[in-house]
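Participant: My structure file data03.csv, CSV, C-alpha atoms, is below:
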```
chain,number,residue,atom,x,y,z
V,29,MET,CA,-11.9,0.4,-7.7
V,30,ASN,CA,-9.6,3.4,-8.0
V,31,ILE,CA,-6.5,2.5,-10.0
V,32,GLU,CA,-3.7,5.0,-10.5
V,33,ARG,CA,-0.3,4.9,-12.2
V,34,ASP,CA,2.9,6.7,-11.4
V,35,GLN,CA,5.2,8.5,-13.8
V,36,ASN,CA,6.9,5.2,-14.6
V,37,GLY,CA,3.6,3.5,-15.5
V,38,ASP,CA,3.4,1.3,-12.4
V,39,PHE,CA,-0.1,0.6,-11.2
V,40,PHE,CA,-1.2,1.5,-7.6
V,41,LEU,CA,-4.3,0.1,-5.9
V,42,GLU,CA,-5.6,1.1,-2.5
V,43,SER,CA,-5.2,-1.6,0.1
V,44,ALA,CA,-8.6,-0.9,1.6
V,45,GLU,CA,-10.3,-1.4,-1.8
V,46,ILE,CA,-8.4,-4.7,-2.4
V,47,ALA,CA,-9.4,-6.0,1.0
V,48,GLU,CA,-13.1,-5.1,0.2
V,49,LYS,CA,-12.9,-7.0,-3.1
V,50,PHE,CA,-11.7,-10.1,-1.3
V,51,ASN,CA,-14.1,-9.6,1.7
V,52,LEU,CA,-11.2,-9.3,4.0
V,53,SER,CA,-10.3,-6.9,6.8
V,54,LEU,CA,-7.3,-4.6,6.1
V,55,GLU,CA,-5.4,-6.4,8.9
V,56,SER,CA,-6.0,-9.8,7.2
V,57,LEU,CA,-4.9,-8.5,3.8
V,58,ARG,CA,-1.7,-7.1,5.4
V,59,ASP,CA,-1.1,-10.5,7.0
V,60,PHE,CA,-1.4,-12.2,3.6
V,61,GLN,CA,1.0,-9.7,2.1
V,62,GLN,CA,3.5,-10.2,4.9
V,63,ARG,CA,3.4,-13.9,4.4
V,64,LYS,CA,3.8,-13.3,0.6
V,65,LEU,CA,0.5,-14.9,-0.2
V,66,VAL,CA,-0.7,-12.1,-2.5
V,67,ALA,CA,0.2,-12.5,-6.2
V,68,SER,CA,-0.3,-10.0,-9.0
V,69,THR,CA,0.1,-10.0,-12.7
V,70,ILE,CA,-0.4,-7.3,-15.3
V,71,GLU,CA,-0.9,-8.1,-18.9
V,72,ARG,CA,-0.8,-5.5,-21.7
V,73,GLY,CA,-3.5,-5.7,-24.4
V,74,GLU,CA,-2.4,-6.4,-27.9
V,75,GLY,CA,-4.1,-5.9,-31.3
V,76,GLU,CA,-7.6,-4.6,-30.8
V,77,ASP,CA,-7.0,-4.5,-27.1
V,78,ALA,CA,-3.9,-2.3,-27.4
V,79,GLY,CA,-3.8,0.4,-24.7
V,80,SER,CA,-5.7,-1.7,-22.2
V,81,TYR,CA,-4.3,-3.8,-19.3
V,82,ARG,CA,-5.6,-6.8,-17.4
V,83,ILE,CA,-4.7,-6.7,-13.7
V,84,SER,CA,-5.0,-9.9,-11.7
V,85,LEU,CA,-4.7,-10.3,-7.9
V,86,ARG,CA,-4.7,-13.7,-6.3
V,87,ILE,CA,-5.0,-14.5,-2.6
V,88,GLY,CA,-5.3,-18.2,-1.9
V,89,ASN,CA,-7.9,-19.6,-4.2
V,90,ARG,CA,-9.6,-16.3,-4.9
V,91,LEU,CA,-8.9,-14.2,-8.0
V,92,TRP,CA,-9.8,-10.6,-8.7
V,93,ARG,CA,-9.3,-9.5,-12.3
V,94,ALA,CA,-9.9,-6.2,-14.0
V,95,VAL,CA,-9.6,-4.8,-17.5
V,96,VAL,CA,-8.4,-1.2,-17.4
V,97,ASP,CA,-8.5,1.1,-20.4
V,98,ALA,CA,-5.9,3.6,-21.6
V,99,GLU,CA,-7.3,6.3,-19.2
V,100,ASP,CA,-7.0,3.8,-16.2
V,101,VAL,CA,-10.8,3.3,-16.0
V,102,VAL,CA,-11.9,-0.1,-14.9
V,103,ARG,CA,-14.1,-1.5,-17.8
V,104,ARG,CA,-14.7,-5.0,-16.4
V,105,GLU,CA,-13.9,-6.8,-13.2
V,106,THR,CA,-14.6,-10.2,-11.8
V,107,VAL,CA,-14.0,-12.1,-8.6
V,108,SER,CA,-13.8,-15.8,-8.8
V,109,THR,CA,-12.6,-18.9,-7.1
V,110,VAL,CA,-9.7,-20.8,-8.7
V,111,ARG,CA,-9.5,-24.5,-8.5
V,112,HIS,CA,-6.2,-25.9,-7.3
V,113,LYS,CA,-4.3,-28.2,-9.6
V,114,ILE,CA,-3.9,-31.8,-8.4
```
What does the file become when written as structure tokens?

Facilitator:
Amino acid sequence: MNIERDQNGDFFLESAEIAEKFNLSLESLRDFQQRKLVASTIERGEGEDAGSYRISLRIGNRLWRAVVDAEDVVRRETVSTVRHKI
């Protein structure tokens, strides 16, 4: 996954790569985005994790999560299924 940041520090991910991680077509991903069904969070590492970030993308019950170091290199990533709360 290619992750870049702009001069403000905002992260950018390629739509095609996101679609691939979720095993979706680009068209399906865009549909989810238009329906506001793609959620993202970014957490800054603290303490011994300072300088790193955890990026999470959720579409439905699927979650992609990556830990990115200070040079914006993905060090770990996972794709999992999230259970819905009852």

Participant: Env of segment 97-114 of chain V: 12 Å cut, atoms = all atoms listed in the file, seq-sep filter 4 positions within chain, self excluded. Answer as a VMD selection string.

Facilitator: chain V and resid 29 to 34 37 to 41 46 48 to 51 72 to 73 76 to 93

Participant: What is the atom CA of Gln62 of chain V to atom CA of Ala47 of chain V distance in Å?

Facilitator: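 Interatomic distance here is 14.1 Å.
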
Participant: What does the structure give for the distance between atom CA of Ser53 of chain V and atom CA of Val96 of chain V, in Å to one decimal?

Facilitator: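 Going from atom CA of Ser53 of chain V over to atom CA of Val96 of chain V, I get 24.9 Å.
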
Participant: Work out how far apart atom CA of Ser43 of chain V and atom CA of Glu74 of chain V are and give it in Å to one decimal.

Facilitator: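 That distance, rounded to one decimal, is 28.5 Å.
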